[in-house]
file structure_9.txt (compact mmCIF, C-alpha atoms and all ligand atoms)
# COMPACT_ATOMS: atom_id res chain seq x y z
CA MET A 195 -144.88 63.98 -71.71
CA SER A 196 -141.45 64.85 -73.19
CA THR A 197 -139.16 61.88 -73.59
CA VAL A 198 -135.59 61.24 -74.74
CA LYS A 199 -134.51 58.21 -76.77
CA ILE A 200 -131.05 57.41 -75.46
CA SER A 201 -128.78 57.15 -78.50
CA ASP A 202 -129.49 53.86 -80.29
CA THR A 203 -129.87 51.81 -77.11
CA GLY A 204 -133.63 51.35 -77.55
CA ILE A 205 -134.12 52.98 -74.13
CA GLU A 206 -136.57 55.86 -73.86
CA VAL A 207 -137.02 57.84 -70.64
CA ASN A 208 -138.83 61.02 -69.74
CA LYS A 209 -136.81 64.19 -70.13
CA ASN A 210 -135.95 64.38 -66.46
CA GLY A 211 -133.05 62.42 -65.04
CA PHE A 212 -132.35 62.23 -61.33
CA GLY A 213 -128.87 63.42 -60.40
CA ALA A 214 -128.00 61.54 -57.21
CA LEU A 215 -125.02 63.59 -56.04
CA PRO A 216 -126.94 65.73 -53.51
CA ILE A 217 -128.57 62.76 -51.75
CA GLN A 218 -125.21 62.24 -50.04
CA ARG A 219 -126.18 65.19 -47.84
CA ILE A 220 -129.46 63.80 -46.51
CA SER A 221 -130.32 60.81 -44.34
CA ALA A 222 -130.88 57.36 -45.84
CA ASP A 223 -134.61 57.52 -45.02
CA GLU A 224 -135.00 60.90 -46.67
CA ALA A 225 -133.02 59.78 -49.72
CA VAL A 226 -135.05 56.60 -50.15
CA GLY A 227 -138.28 58.60 -49.88
CA LEU A 228 -137.06 61.11 -52.45
CA LEU A 229 -135.88 58.46 -54.92
CA ARG A 230 -139.13 56.50 -54.69
CA ARG A 231 -141.17 59.67 -55.11
CA ALA A 232 -139.11 60.46 -58.22
CA TYR A 233 -139.93 57.04 -59.62
CA ASP A 234 -143.63 57.38 -58.76
CA GLY A 235 -143.57 60.73 -60.54
CA GLY A 236 -142.27 59.18 -63.76
CA ILE A 237 -138.48 59.44 -63.48
CA THR A 238 -136.67 56.26 -64.47
CA TYR A 239 -133.10 57.45 -65.17
CA PHE A 240 -130.92 57.71 -62.06
CA ASP A 241 -127.34 58.94 -62.27
CA THR A 242 -124.85 58.35 -59.49
CA ALA A 243 -121.10 57.68 -59.13
CA ARG A 244 -118.69 55.59 -57.10
CA ALA A 245 -117.18 58.91 -56.01
CA TYR A 246 -120.45 60.16 -54.43
CA SER A 247 -119.83 58.54 -51.01
CA ASP A 248 -123.07 56.73 -50.03
CA SER A 249 -125.22 57.78 -53.00
CA GLU A 250 -125.03 54.32 -54.62
CA THR A 251 -125.90 52.69 -51.30
CA LYS A 252 -129.05 54.81 -50.99
CA LEU A 253 -130.07 54.02 -54.56
CA GLY A 254 -129.61 50.32 -53.83
CA MET A 255 -131.82 50.62 -50.77
CA ALA A 256 -134.52 52.51 -52.67
CA PHE A 257 -134.86 50.22 -55.67
CA GLU A 258 -134.06 46.71 -54.45
CA GLY A 259 -136.71 44.37 -55.81
CA MET A 260 -137.73 46.63 -58.69
CA ARG A 261 -134.44 46.83 -60.53
CA GLU A 262 -135.83 46.22 -64.01
CA LYS A 263 -138.14 49.23 -63.75
CA ILE A 264 -135.36 51.80 -63.66
CA TYR A 265 -132.12 52.65 -65.44
CA ILE A 266 -129.00 53.16 -63.37
CA ALA A 267 -126.02 55.14 -64.60
CA THR A 268 -122.95 55.17 -62.40
CA LYS A 269 -119.35 56.21 -62.86
CA CYS A 270 -115.84 54.86 -62.33
CA PHE A 271 -113.00 57.26 -61.49
CA ALA A 272 -110.24 54.64 -61.63
CA SER A 273 -107.26 55.25 -63.87
CA ASP A 274 -106.11 51.65 -64.17
CA THR A 275 -107.82 48.36 -64.87
CA GLU A 276 -107.40 46.98 -61.36
CA GLY A 277 -109.22 50.03 -60.04
CA PHE A 278 -111.83 49.66 -62.76
CA TRP A 279 -112.78 46.13 -61.67
CA ASN A 280 -112.63 46.96 -57.95
CA GLN A 281 -114.90 49.97 -58.42
CA LEU A 282 -117.33 48.09 -60.65
CA ARG A 283 -117.65 45.25 -58.12
CA LYS A 284 -118.18 47.76 -55.30
CA SER A 285 -120.79 49.70 -57.29
CA LEU A 286 -122.74 46.53 -58.08
CA ALA A 287 -122.69 45.53 -54.41
CA GLU A 288 -123.77 48.97 -53.16
CA LEU A 289 -126.46 49.26 -55.82
CA ARG A 290 -127.70 45.74 -54.93
CA THR A 291 -127.80 44.70 -58.55
CA ASP A 292 -125.95 42.45 -60.97
CA TYR A 293 -125.75 44.97 -63.80
CA VAL A 294 -125.41 48.69 -64.45
CA ASP A 295 -127.29 50.15 -67.42
CA PHE A 296 -124.78 52.92 -68.18
CA TYR A 297 -121.23 52.68 -66.87
CA GLN A 298 -119.35 55.92 -67.39
CA PHE A 299 -115.69 56.87 -67.14
CA HIS A 300 -115.77 59.73 -64.64
CA ASN A 301 -114.04 62.86 -65.95
CA PRO A 302 -110.77 61.24 -67.08
CA GLU A 303 -107.91 63.21 -68.63
CA ARG A 304 -108.41 61.44 -71.93
CA ALA A 305 -111.08 59.61 -73.94
CA TYR A 306 -110.05 55.97 -73.56
CA GLU A 307 -109.99 53.85 -76.68
CA PRO A 308 -108.86 50.34 -77.56
CA GLY A 309 -105.11 50.03 -77.98
CA ASP A 310 -104.22 53.21 -76.05
CA CYS A 311 -102.13 51.13 -73.58
CA THR A 312 -104.38 51.90 -70.59
CA GLY A 313 -106.59 48.83 -71.08
CA MET A 314 -109.54 50.86 -69.77
CA TYR A 315 -111.78 50.63 -72.79
CA GLU A 316 -111.01 46.93 -73.18
CA ALA A 317 -112.00 46.44 -69.51
CA ALA A 318 -115.33 48.15 -70.18
CA LEU A 319 -115.89 45.92 -73.22
CA GLU A 320 -115.12 42.86 -71.12
CA ALA A 321 -117.54 44.02 -68.40
CA LYS A 322 -120.15 44.45 -71.11
CA ARG A 323 -119.42 40.99 -72.49
CA GLN A 324 -119.93 39.55 -69.00
CA GLY A 325 -123.27 41.36 -68.72
CA LEU A 326 -122.11 43.50 -65.78
CA ILE A 327 -122.69 46.70 -67.71
CA ARG A 328 -125.01 47.31 -70.64
CA HIS A 329 -123.72 50.53 -72.19
CA ILE A 330 -120.42 52.40 -72.04
CA GLY A 331 -120.50 56.11 -71.27
CA PHE A 332 -118.14 58.98 -70.66
CA THR A 333 -118.30 62.13 -68.56
CA ASN A 334 -116.15 65.21 -68.75
CA HIS A 335 -115.95 68.87 -67.81
CA ARG A 336 -113.52 69.77 -70.58
CA LEU A 337 -115.07 70.44 -73.94
CA ALA A 338 -112.00 69.30 -75.89
CA VAL A 339 -111.96 65.90 -74.15
CA ALA A 340 -115.74 65.47 -74.47
CA LYS A 341 -115.41 66.20 -78.19
CA LEU A 342 -112.73 63.52 -78.57
CA ALA A 343 -115.06 61.03 -76.89
CA LEU A 344 -117.82 61.99 -79.29
CA GLU A 345 -115.60 61.80 -82.34
CA SER A 346 -114.27 58.38 -81.31
CA GLY A 347 -117.74 56.87 -81.78
CA LEU A 348 -116.97 54.56 -78.84
CA TYR A 349 -119.37 55.97 -76.25
CA GLU A 350 -123.11 55.47 -76.13
CA ILE A 351 -123.73 58.47 -73.89
CA ILE A 352 -121.59 61.48 -73.02
CA GLN A 353 -122.20 63.54 -69.91
CA TYR A 354 -121.26 67.19 -70.05
CA PRO A 355 -122.36 70.40 -68.24
CA VAL A 356 -125.16 72.04 -70.25
CA SER A 357 -127.32 74.95 -69.23
CA PHE A 358 -128.53 78.19 -70.71
CA LEU A 359 -125.22 79.68 -69.59
CA SER A 360 -123.28 77.33 -71.89
CA SER A 361 -121.24 78.90 -74.65
CA GLU A 362 -122.20 78.54 -78.32
CA ALA A 363 -119.26 76.12 -78.75
CA GLU A 364 -120.71 73.92 -76.01
CA LEU A 365 -124.18 74.04 -77.51
CA ASP A 366 -122.71 73.19 -80.92
CA PHE A 367 -121.21 70.13 -79.27
CA VAL A 368 -124.70 69.06 -78.14
CA ARG A 369 -126.03 69.63 -81.66
CA ASP A 370 -123.12 67.68 -83.22
CA ALA A 371 -123.87 64.80 -80.88
CA GLY A 372 -127.50 64.95 -82.00
CA GLU A 373 -126.43 64.58 -85.61
CA LYS A 374 -124.50 61.47 -84.61
CA ASN A 375 -127.54 60.21 -82.67
CA ILE A 376 -125.69 60.40 -79.35
CA THR A 377 -127.52 61.49 -76.24
CA ILE A 378 -125.83 64.08 -74.08
CA ILE A 379 -126.56 63.68 -70.40
CA GLY A 380 -126.76 67.26 -69.19
CA MET A 381 -125.09 67.77 -65.83
CA LYS A 382 -125.12 71.08 -63.98
CA SER A 383 -128.30 72.15 -65.75
CA LEU A 384 -128.72 74.64 -62.90
CA ALA A 385 -125.06 75.71 -63.20
CA GLY A 386 -124.14 74.39 -59.77
CA GLY A 387 -127.00 76.21 -58.02
CA LEU A 388 -126.48 79.60 -59.67
CA ILE A 389 -129.52 79.21 -61.91
CA THR A 390 -132.52 79.58 -59.66
CA ASN A 391 -135.13 79.66 -62.43
CA ALA A 392 -135.78 75.94 -62.88
CA ARG A 393 -138.65 76.61 -65.27
CA ALA A 394 -136.34 78.50 -67.61
CA ALA A 395 -133.64 75.81 -67.25
CA TYR A 396 -136.11 73.10 -68.22
CA GLY A 397 -137.57 75.16 -71.06
CA PHE A 398 -134.06 75.69 -72.43
CA ALA A 399 -133.24 71.97 -72.26
CA SER A 400 -136.37 71.23 -74.28
CA ARG A 401 -134.69 72.89 -77.27
CA PHE A 402 -132.32 69.94 -77.63
CA PRO A 403 -134.03 66.61 -78.43
CA ASN A 404 -130.85 64.62 -77.69
CA LEU A 405 -130.26 66.26 -74.28
CA LEU A 406 -131.29 64.46 -71.11
CA PRO A 407 -130.88 66.86 -68.18
CA ILE A 408 -130.21 65.34 -64.79
CA TRP A 409 -131.41 67.50 -61.94
CA GLY A 410 -129.50 67.30 -58.70
CA VAL A 411 -132.20 67.53 -56.05
CA GLN A 412 -132.17 66.91 -52.33
CA ARG A 413 -135.46 68.47 -51.24
CA ALA A 414 -138.99 67.27 -51.88
CA GLY A 415 -140.09 70.75 -53.04
CA GLU A 416 -137.42 70.87 -55.74
CA LEU A 417 -138.32 67.40 -56.92
CA GLU A 418 -142.03 68.23 -57.15
CA GLU A 419 -141.23 71.17 -59.40
CA PHE A 420 -139.41 68.92 -61.88
CA LEU A 421 -142.10 66.25 -61.66
CA GLU A 422 -144.63 68.87 -62.64
CA TYR A 423 -142.58 69.46 -65.79
CA VAL A 424 -142.94 65.78 -66.67
CA LYS A 425 -146.68 66.38 -66.97
CA ASN A 426 -146.60 69.95 -68.20
CA PRO A 427 -143.30 70.80 -69.90
CA PRO A 428 -142.80 74.60 -69.81
CA GLU A 429 -142.91 76.21 -73.18
CA LEU A 430 -139.95 78.36 -74.11
CA ASP A 431 -142.05 81.41 -74.87
CA GLU A 432 -140.98 85.04 -75.10
CA ALA A 433 -141.42 85.70 -71.39
CA LEU A 434 -139.19 82.75 -70.49
CA LEU A 435 -136.61 83.76 -73.08
CA ARG A 436 -136.52 87.23 -71.53
CA GLU A 437 -135.92 85.73 -68.08
CA ILE A 438 -133.05 83.68 -69.53
CA GLU A 439 -131.50 86.75 -71.10
CA GLU A 440 -131.71 88.61 -67.77
CA ASP A 441 -130.03 85.73 -65.95
CA LYS A 442 -127.34 85.44 -68.60
CA ALA A 443 -126.58 89.14 -68.31
CA GLN A 444 -126.12 88.76 -64.57
CA LEU A 445 -124.18 85.46 -64.65
CA GLY A 446 -122.46 85.43 -68.02
CA GLY A 447 -118.73 85.49 -68.56
CA ASP A 448 -116.15 83.75 -66.47
CA PHE A 449 -117.96 82.40 -63.48
CA CYS A 450 -117.08 79.54 -61.19
CA ARG A 451 -119.41 76.52 -61.54
CA GLY A 452 -118.57 75.20 -58.07
CA CYS A 453 -117.39 71.82 -59.39
CA GLY A 454 -114.53 71.55 -56.89
CA TYR A 455 -111.95 70.10 -59.28
CA CYS A 456 -109.48 72.73 -58.07
CA LEU A 457 -109.41 71.33 -54.52
CA PRO A 458 -107.57 70.84 -52.27
CA CYS A 459 -106.11 74.28 -51.83
CA PRO A 460 -102.93 74.35 -49.69
CA ALA A 461 -104.11 77.61 -48.10
CA GLY A 462 -107.37 75.95 -47.03
CA ILE A 463 -109.55 78.21 -49.17
CA ASP A 464 -113.04 76.89 -49.92
CA ILE A 465 -112.60 77.82 -53.57
CA PRO A 466 -115.96 76.57 -54.96
CA THR A 467 -117.82 78.85 -52.55
CA CYS A 468 -115.39 81.76 -52.26
CA ALA A 469 -114.99 82.10 -56.04
CA ARG A 470 -118.78 82.40 -56.40
CA MET A 471 -119.37 84.67 -53.42
CA SER A 472 -120.43 87.75 -55.40
CA LEU A 473 -123.11 85.73 -57.15
CA LEU A 474 -124.20 83.90 -54.02
CA LEU A 475 -124.65 87.19 -52.16
CA ARG A 476 -126.98 88.45 -54.84
CA ARG A 477 -128.83 85.32 -55.92
CA ALA A 478 -129.53 83.50 -52.67
CA PRO A 479 -130.55 84.39 -49.10
CA ASN A 480 -127.26 85.93 -48.01
CA ALA A 481 -127.41 86.18 -44.19
CA TRP A 482 -125.40 82.98 -43.86
CA TYR A 483 -122.54 84.34 -45.96
CA LEU A 484 -122.42 87.61 -44.07
CA SER A 485 -121.63 85.83 -40.80
CA GLU A 486 -118.31 86.10 -38.94
CA GLU A 487 -117.54 82.53 -39.93
CA TRP A 488 -117.76 83.37 -43.62
CA ALA A 489 -115.86 86.61 -43.21
CA GLU A 490 -113.06 84.45 -41.82
CA ASN A 491 -113.36 81.92 -44.66
CA MET A 492 -113.16 84.70 -47.22
CA GLY A 493 -110.19 86.20 -45.39
CA LYS A 494 -108.19 83.03 -46.14
CA ILE A 495 -107.96 84.24 -49.73
CA GLU A 496 -105.25 86.61 -48.53
CA ALA A 497 -103.17 83.56 -47.57
CA CYS A 498 -103.06 82.24 -51.17
CA VAL A 499 -99.53 81.04 -51.85
CA ALA A 500 -99.92 81.33 -55.63
CA CYS A 501 -99.14 77.64 -56.15
CA GLY A 502 -101.16 77.67 -59.38
CA HIS A 503 -102.90 74.36 -58.62
CA CYS A 504 -106.45 75.74 -58.86
CA ALA A 505 -106.03 77.42 -62.24
CA GLN A 506 -104.28 74.34 -63.66
CA CYS A 507 -107.08 72.03 -62.55
CA CYS A 508 -110.02 74.25 -63.48
CA PRO A 509 -111.82 72.63 -66.43
CA TYR A 510 -113.24 76.02 -67.37
CA SER A 511 -109.79 77.63 -67.72
CA LEU A 512 -110.59 80.25 -65.09
CA ASP A 513 -107.92 82.47 -63.61
CA THR A 514 -109.04 81.24 -60.20
CA PRO A 515 -106.69 83.30 -57.97
CA ALA A 516 -107.78 86.50 -59.74
CA LEU A 517 -111.42 85.49 -59.42
CA LEU A 518 -110.93 84.85 -55.70
CA ARG A 519 -109.32 88.25 -55.18
CA ALA A 520 -112.16 89.99 -57.02
CA ASN A 521 -114.71 88.13 -54.91
CA LEU A 522 -112.92 89.10 -51.70
CA ALA A 523 -112.89 92.79 -52.62
CA ASP A 524 -116.56 92.67 -53.55
CA TYR A 525 -117.42 90.77 -50.37
CA ARG A 526 -115.80 93.40 -48.16
CA ASN A 527 -117.56 96.21 -50.00
CA PHE A 528 -120.87 94.40 -49.79
CA LYS A 529 -120.50 93.91 -46.03
CA ARG A 530 -119.86 97.61 -45.36
S1 LIG B 1 -103.17 79.37 -56.22
FE1 LIG B 1 -103.89 80.07 -54.21
S2 LIG B 1 -106.08 79.65 -54.24
FE2 LIG B 1 -105.18 78.44 -55.88
S3 LIG B 1 -104.78 76.42 -54.95
FE3 LIG B 1 -102.89 77.64 -54.78
S4 LIG B 1 -103.04 78.61 -52.75
FE4 LIG B 1 -105.10 77.87 -53.27
S1 LIG B 2 -112.56 77.50 -59.89
FE1 LIG B 2 -112.91 76.10 -61.61
S2 LIG B 2 -112.41 74.07 -60.78
FE2 LIG B 2 -112.67 75.43 -59.02
S3 LIG B 2 -114.79 75.15 -58.42
FE3 LIG B 2 -114.71 76.91 -59.81
S4 LIG B 2 -115.14 76.08 -61.85
FE4 LIG B 2 -114.60 74.35 -60.53

call {"tool": "encode", "arguments": {"input": "structure_9.txt", "output": "structure tokens"}}
result
Amino acid sequence: MSTVKISDTGIEVNKNGFGALPIQRISADEAVGLLRRAYDGGITYFDTARAYSDSETKLGMAFEGMREKIYIATKCFASDTEGFWNQLRKSLAELRTDYVDFYQFHNPERAYEPGDCTGMYEAALEAKRQGLIRHIGFTNHRLAVAKLALESGLYEIIQYPVSFLSSEAELDFVRDAGEKNITIIGMKSLAGGLITNARAAYGFASRFPNLLPIWGVQRAGELEEFLEYVKNPPELDEALLREIEEDKAQLGGDFCRGCGYCLPCPAGIDIPTCARMSLLLRRAPNAWYLSEEWAENMGKIEACVACGHCAQCCPYSLDTPALLRANLADYRNFKR
């Protein structure tokens, strides 16, 4: 079984974390069943967030009474200390626990540090002193900010999107963290659903000893596939490397990850889907996207008022309006 030692915390988990964002979309019964099956299959690291609606609640329901057998990572999106304490109290209540193993700042603009006048890092230290959290973590979608967090030496884990579509600069960041003995929690290991070859995604992650990928699953079939990798980790052999190269050729370059940080759009455009339409049409069953409803959704791109909000907020520095226009043209051609 492949395992990851999480930084110098003394915690070791198998190299499969459970990303609990998608369980928002399924019923409480289904979510509890999925979470317990994950635990029975050997997963002990569960990552959620205060921002994921009822995800924490479902985790609390699933693991009440067996708290010490799992590790819970959650996230706080507050930008002031009052919000920090309110969110921490709410998370503890929803998770039905009196401590969080890894408490992460959720994609802030900056890497908080003591004395920066926000009081955020001091609040985390105080929560740690009170035993409410055990380790302080940080998540970000911007490489420059994630690097600052790493360089500060203040964070015990850093969560960042990592997949075989990551750039060399991003992979160097993972390697640099490894040299500092910091574990990177790999979000979006399937690139927001665009990578459909889970075997290749897992094989790629196995190259980085300090990378703990968290897989966002909401269906039993997807979970079983990852559980199988706990027992039999796929080897990154030549055939798998070839599959990765083929996928990279199809997906590489400036593609939308579907993270949604550019929302809301004043023109009502569903940017995370519309900006990926060309890829979705070719990489997934596409009947749904060829419906009248989706033709209408795509048509909203013509109503873009060029406010610039999406491009400013995109952590991947995409020219989002241009990407949307290109996707609309391709969509109309594809439908003909
Ligand atoms: S630039 Fe266009 S697509 Fe982007 S947020 Fe503004 S209206 Fe929406
Ligand atoms: S355009 Fe950028 S911010 Fe918006 S969903 Fe895509 S990757 Fe995320």

call {"tool": "residues_near_ligand", "arguments": {"input": "structure_9.txt", "ligand": "ligand LIG 1 (chain B)", "cutoff": "12 Å", "atoms": "all atoms listed in the file", "output": "number ranges by chain"}}
result
A: 454-469, 492-508, 512-519, 522

call {"tool": "write_last_selection", "arguments": {"input": "structure_9.txt", "atoms": "C-alpha atoms", "output": "short mmCIF file (atom, residue, chain, number, x, y, z; two decimals), in the frame of the given file"}}
result
data_model
loop_
_atom_site.label_atom_id
_atom_site.label_comp_id
_atom_site.auth_asym_id
_atom_site.auth_seq_id
_atom_site.Cartn_x
_atom_site.Cartn_y
_atom_site.Cartn_z
CA GLY A 454 -114.53 71.55 -56.89
CA TYR A 455 -111.95 70.10 -59.28
CA CYS A 456 -109.48 72.73 -58.07
CA LEU A 457 -109.41 71.33 -54.52
CA PRO A 458 -107.57 70.84 -52.27
CA CYS A 459 -106.11 74.28 -51.83
CA PRO A 460 -102.93 74.35 -49.69
CA ALA A 461 -104.11 77.61 -48.10
CA GLY A 462 -107.37 75.95 -47.03
CA ILE A 463 -109.55 78.21 -49.17
CA ASP A 464 -113.04 76.89 -49.92
CA ILE A 465 -112.60 77.82 -53.57
CA PRO A 466 -115.96 76.57 -54.96
CA THR A 467 -117.82 78.85 -52.55
CA CYS A 468 -115.39 81.76 -52.26
CA ALA A 469 -114.99 82.10 -56.04
CA MET A 492 -113.16 84.70 -47.22
CA GLY A 493 -110.19 86.20 -45.39
CA LYS A 494 -108.19 83.03 -46.14
CA ILE A 495 -107.96 84.24 -49.73
CA GLU A 496 -105.25 86.61 -48.53
CA ALA A 497 -103.17 83.56 -47.57
CA CYS A 498 -103.06 82.24 -51.17
CA VAL A 499 -99.53 81.04 -51.85
CA ALA A 500 -99.92 81.33 -55.63
CA CYS A 501 -99.14 77.64 -56.15
CA GLY A 502 -101.16 77.67 -59.38
CA HIS A 503 -102.90 74.36 -58.62
CA CYS A 504 -106.45 75.74 -58.86
CA ALA A 505 -106.03 77.42 -62.24
CA GLN A 506 -104.28 74.34 -63.66
CA CYS A 507 -107.08 72.03 -62.55
CA CYS A 508 -110.02 74.25 -63.48
CA LEU A 512 -110.59 80.25 -65.09
CA ASP A 513 -107.92 82.47 -63.61
CA THR A 514 -109.04 81.24 -60.20
CA PRO A 515 -106.69 83.30 -57.97
CA ALA A 516 -107.78 86.50 -59.74
CA LEU A 517 -111.42 85.49 -59.42
CA LEU A 518 -110.93 84.85 -55.70
CA ARG A 519 -109.32 88.25 -55.18
CA LEU A 522 -112.92 89.10 -51.70
#

call {"tool": "residues_around", "arguments": {"input": "structure_9.txt", "residues": "Glu320 in chain A", "least_positions_apart": "5", "cutoff": "12 Å", "atoms": "all atoms listed in the file", "output": "PyMOL selection string"}}
result
chain A and resi 275+278-279+282+308+313-315+325-330

call {"tool": "closest_residue", "arguments": {"input": "structure_9.txt", "among": "A:Ala394, A:Ala481, A:Ile378, A:Leu406", "to": "Gly211 in chain A", "atoms": "all atoms listed in the file"}}
result
A:Leu406

call {"tool": "closest_residue", "arguments": {"input": "structure_9.txt", "among": "A:Asn426, A:Asn521, A:Thr312, A:Asn375", "to": "ligand LIG 2 (chain B)", "atoms": "all atoms listed in the file"}}
result
A:Asn521

call {"tool": "residues_near_point", "arguments": {"input": "structure_9.txt", "point": "(-125.6, 57.5, -55.0)", "cutoff": "8 Å", "atoms": "all atoms listed in the file", "output": "MDAnalysis selection string"}}
result
chainID A and resid 214:215 217:218 241:244 246:253

call {"tool": "write_last_selection", "arguments": {"input": "structure_9.txt", "atoms": "C-alpha atoms", "output": "PDB file, in the coordinates of the input"}}
result
ATOM      1  CA  ALA A 214    -128.000  61.540 -57.210  1.00  0.00           C
ATOM      2  CA  LEU A 215    -125.020  63.590 -56.040  1.00  0.00           C
ATOM      3  CA  ILE A 217    -128.570  62.760 -51.750  1.00  0.00           C
ATOM      4  CA  GLN A 218    -125.210  62.240 -50.040  1.00  0.00           C
ATOM      5  CA  ASP A 241    -127.340  58.940 -62.270  1.00  0.00           C
ATOM      6  CA  THR A 242    -124.850  58.350 -59.490  1.00  0.00           C
ATOM      7  CA  ALA A 243    -121.100  57.680 -59.130  1.00  0.00           C
ATOM      8  CA  ARG A 244    -118.690  55.590 -57.100  1.00  0.00           C
ATOM      9  CA  TYR A 246    -120.450  60.160 -54.430  1.00  0.00           C
ATOM     10  CA  SER A 247    -119.830  58.540 -51.010  1.00  0.00           C
ATOM     11  CA  ASP A 248    -123.070  56.730 -50.030  1.00  0.00           C
ATOM     12  CA  SER A 249    -125.220  57.780 -53.000  1.00  0.00           C
ATOM     13  CA  GLU A 250    -125.030  54.320 -54.620  1.00  0.00           C
ATOM     14  CA  THR A 251    -125.900  52.690 -51.300  1.00  0.00           C
ATOM     15  CA  LYS A 252    -129.050  54.810 -50.990  1.00  0.00           C
ATOM     16  CA  LEU A 253    -130.070  54.020 -54.560  1.00  0.00           C
TER      17      LEU A 253
END

call {"tool": "closest_residue", "arguments": {"input": "structure_9.txt", "among": "A:Glu490, A:Glu416, A:Asp524, A:Asp448", "to": "ligand LIG 2 (chain B)", "atoms": "all atoms listed in the file"}}
result
A:Asp448

call {"tool": "atom_distance", "arguments": {"input": "structure_9.txt", "atom1": "CA of Phe271 in chain A", "atom2": "CA of Tyr396 in chain A"}}
result
28.8 Å

call {"tool": "residues_around", "arguments": {"input": "structure_9.txt", "residues": "Thr377 in chain A", "least_positions_apart": "5", "cutoff": "8 Å", "atoms": "only C-alpha atoms", "output": "ChimeraX atom specification"}}
result
/A:199-201,350-352,371-372,404-406

call {"tool": "atom_distance", "arguments": {"input": "structure_9.txt", "atom1": "CA of Gly236 in chain A", "atom2": "CA of Phe332 in chain A"}}
result
25.1 Å

call {"tool": "atom_distance", "arguments": {"input": "structure_9.txt", "atom1": "atom S1 of ligand LIG 2 (chain B)", "atom2": "CA of Arg393 in chain A"}}
result
26.7 Å

call {"tool": "closest_residue", "arguments": {"input": "structure_9.txt", "among": "A:His335, A:Arg219, A:Arg401, A:Arg323", "to": "Val198 in chain A", "atoms": "only C-alpha atoms"}}
result
A:Arg401

call {"tool": "closest_residue", "arguments": {"input": "structure_9.txt", "among": "A:Asp223, A:Asp234, A:Glu439, A:Asp202", "to": "Glu418 in chain A", "atoms": "all atoms listed in the file"}}
result
A:Asp234

call {"tool": "closest_residue", "arguments": {"input": "structure_9.txt", "among": "A:Gln324, A:Ala433, A:Thr390, A:Glu364", "to": "Arg476 in chain A", "atoms": "all atoms listed in the file"}}
result
A:Thr390

call {"tool": "axis_aligned_box", "arguments": {"input": "structure_9.txt", "around": "ligand LIG 2 (chain B)", "padding_each_side": "4 Å", "output": "lines of an AutoDock Vina configuration file"}}
result
center_x = -113.8
center_y = 75.8
center_z = -60.1
size_x = 10.7
size_y = 11.4
size_z = 11.4
